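Visitor: To start, I am sharing the structure in question, which I have written as structure tokens.
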Amino acid sequence: MSNREPAFPITEKAYAKLNISLDVTARRPDGYHDMLMLMQTISICDELTIQPERDGLVHAVTSLPYVPGDKRNLAVRAALKFLELVDDGERGMKISLRKSIPVGAGMAGGSADAAAVLRALNRAYGDPLSARELCAAGEEVGSDVAFCLLGGTALASGRGEILQPLKALPPCAFVVCKPDFSISTPELFRKLDEAKLSCHPDTEGLLDALEKSDLDGLCRRMYNVFEDVPDRRMRTIRAAKGALLDCGALGALMTGTGSAVFGVFRDAAAAEKACETLKREYRFCRTAEAVGALL
């Protein structure tokens with residue numbers, strides 16, 4: 001490990017993710033589920049600043065009063081894990097988070113924050129951990145943290161921690177809308193376990209379309225099995241998808257376990273036009289672009 005004194009304060013962006021597809025292939029003996037997901041980093045992001053604190057405590061302060069600042073916050077857990085790995089466990093720090101990724105949206109906001117903390121601290125300490133070591137640390141913090149660390153376009157399997165980097169998406173733009181409710185991930189997994197799913201994403205077809213840079217083929221195959229879970233809120237999700245398609249989206253999908261829904265558009269101009277229309281109905285409505293690898 002590096003013996004250099006870390007450079008503070010340090011800032012980092014925490015980028016959200018979208019699920020271009022999401023499949024649940026099995027329930028594991030440990031209670032987790034085996035997943036198969038095509039994932040994409042996008043430009044909607046939180047911003048964080050890390051500063052030293054003399055009291056030896058690691059805590060977070062956020063722009064949202066209901067987001068915890070203790071060990072319930074994945075960013076705090078990530079910082080504690082990093083300090084353990086570099087044998088600097090007595091150091092205190094404050095993580096200031098300016099939140100732009102909506103909470104409870106299926107966009108990996110907490111995981112993105114944790115990943116940004118790991119990237120930022122590694123840089124501040126002179127890169128003592130390799131990308132592989134950072135990802136291993138991220139896996140211990142949360143299932144999506146490893147993807148949020150690496151960024152870009154990837155096929156994720158296992159609990160989401162086994163990653164295969166892929167060719168970038170063809171040029172496109174996104175509009176992300178979030179209805180005025182959040183969805184509990186554990187609750188939706190319970191409902192999924194009770195349901196009998198008959199449809200699954202065509203992952204091979206998606207990968208083939210990606211390899212051919214076939215945006216239309218990719219959009220036709222976007223699929224999220226959680227949309228088939230019996231839940232009254234899925235009516236609102238379907239309505240949001242319909243609104244995006246009516247505004248010209250090539251395809252629309254719920255990301256993760258929701259409740260955010262996104263549409264894929266041919267270009268930024270088409271996305272901006274759709275966003276202006278949809279802002280009348282959705283308080284959270286943003287355009288975004290794809291972001292490449294972060295490590």
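So you can find residues: chains in the structure tokens are A, B, ... in the order shown, residues in each start at 1, and ligands are numbered from 1 in order.
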I need the residues of stretch 158-223 of chain A that end up classed as alpha helix (DSSP H) by DSSP on the backbone, written out as a VMD selection string.
Guide: chain A and resid 185 to 194 203 to 211 215 to 221
Visitor: Near A:Met93, counting only C-alpha atoms, which residues have an atom at most 9 Å away, once you skip same-chain residues fewer than 2 positions from it, shown as a list in words?
Guide: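 Listed by chain and then number, they are Ile50, Gln51, Pro52, Glu53, Arg54, Asp55, Gly56, Leu57, Val58, His59, Ala60, Ala79, Arg91 and Ile95 of chain A.
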Visitor: Extract, using only C-alpha atoms, all DNA, RNA and protein residues at most 8 Å from A:Asp267, discarding same-chain residues fewer than 5 positions from it, and format them as a list in words.
Guide: Pro171, Cys172 and Ala173 of chain A
Visitor: Write out as a ChimeraX atom specification which residues come within 9 Å of stretch 109-113 of chain A when counting only C-alpha atoms, dropping same-chain ones fewer than 2 positions away.
Guide: /A:13-17,45-48,73-75,78,97,99-107,115-118,138,141-149
Visitor: For the residues selected in the previous step, produce a file with C-alpha atoms as a PDB file, in the first residue's frame.
Guide:
```pdb
ATOM      1  CA  LYS A  13     -19.270  12.174  -9.769  1.00  0.00           C
ATOM      2  CA  ALA A  14     -21.503   9.172  -9.061  1.00  0.00           C
ATOM      3  CA  TYR A  15     -23.202   8.100 -12.286  1.00  0.00           C
ATOM      4  CA  ALA A  16     -26.583   6.352 -12.425  1.00  0.00           C
ATOM      5  CA  LYS A  17     -27.269   3.146 -14.331  1.00  0.00           C
ATOM      6  CA  CYS A  45     -25.221  11.800 -11.463  1.00  0.00           C
ATOM      7  CA  ASP A  46     -24.788  12.684  -7.814  1.00  0.00           C
ATOM      8  CA  GLU A  47     -21.745  14.751  -6.842  1.00  0.00           C
ATOM      9  CA  LEU A  48     -19.703  14.088  -3.735  1.00  0.00           C
ATOM     10  CA  ASN A  73     -25.516   4.773   3.737  1.00  0.00           C
ATOM     11  CA  LEU A  74     -23.545   2.717   1.191  1.00  0.00           C
ATOM     12  CA  ALA A  75     -21.128   5.604   0.669  1.00  0.00           C
ATOM     13  CA  ALA A  78     -17.558   2.018   1.094  1.00  0.00           C
ATOM     14  CA  LEU A  97     -23.469  14.223  -1.243  1.00  0.00           C
ATOM     15  CA  LYS A  99     -28.185  14.050  -4.809  1.00  0.00           C
ATOM     16  CA  SER A 100     -29.565  14.185  -8.345  1.00  0.00           C
ATOM     17  CA  ILE A 101     -30.252  10.463  -8.844  1.00  0.00           C
ATOM     18  CA  PRO A 102     -33.748   9.817  -7.473  1.00  0.00           C
ATOM     19  CA  VAL A 103     -34.033   7.490  -4.480  1.00  0.00           C
ATOM     20  CA  GLY A 104     -35.960   4.228  -4.895  1.00  0.00           C
ATOM     21  CA  ALA A 105     -35.854   4.482  -8.676  1.00  0.00           C
ATOM     22  CA  GLY A 106     -33.883   1.407  -9.780  1.00  0.00           C
ATOM     23  CA  MET A 107     -31.002   3.605 -10.939  1.00  0.00           C
ATOM     24  CA  ALA A 115     -18.492   3.402  -6.168  1.00  0.00           C
ATOM     25  CA  ALA A 116     -17.627   7.094  -6.425  1.00  0.00           C
ATOM     26  CA  VAL A 117     -16.263   7.027  -2.859  1.00  0.00           C
ATOM     27  CA  LEU A 118     -14.020   4.069  -3.722  1.00  0.00           C
ATOM     28  CA  GLY A 138     -17.356  -2.925  -3.967  1.00  0.00           C
ATOM     29  CA  VAL A 141     -20.607  -3.204  -0.049  1.00  0.00           C
ATOM     30  CA  GLY A 142     -23.449  -3.944  -2.522  1.00  0.00           C
ATOM     31  CA  SER A 143     -24.418  -5.959  -5.579  1.00  0.00           C
ATOM     32  CA  ASP A 144     -24.366  -3.070  -8.108  1.00  0.00           C
ATOM     33  CA  VAL A 145     -21.256  -1.321  -6.764  1.00  0.00           C
ATOM     34  CA  ALA A 146     -18.786  -3.198  -8.985  1.00  0.00           C
ATOM     35  CA  PHE A 147     -20.678  -2.176 -12.132  1.00  0.00           C
ATOM     36  CA  CYS A 148     -20.961   1.422 -10.942  1.00  0.00           C
ATOM     37  CA  LEU A 149     -17.199   1.416 -10.333  1.00  0.00           C
TER      38      LEU A 149
END
```
Visitor: Using only C-alpha atoms, pick whichever of A:Gly217, A:Gly251, A:Pro201, A:Gly151 has the shortest atom-to-atom distance to A:Ala293.
Guide: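 The answer is A:Gly151, which sits nearest to A:Ala293.
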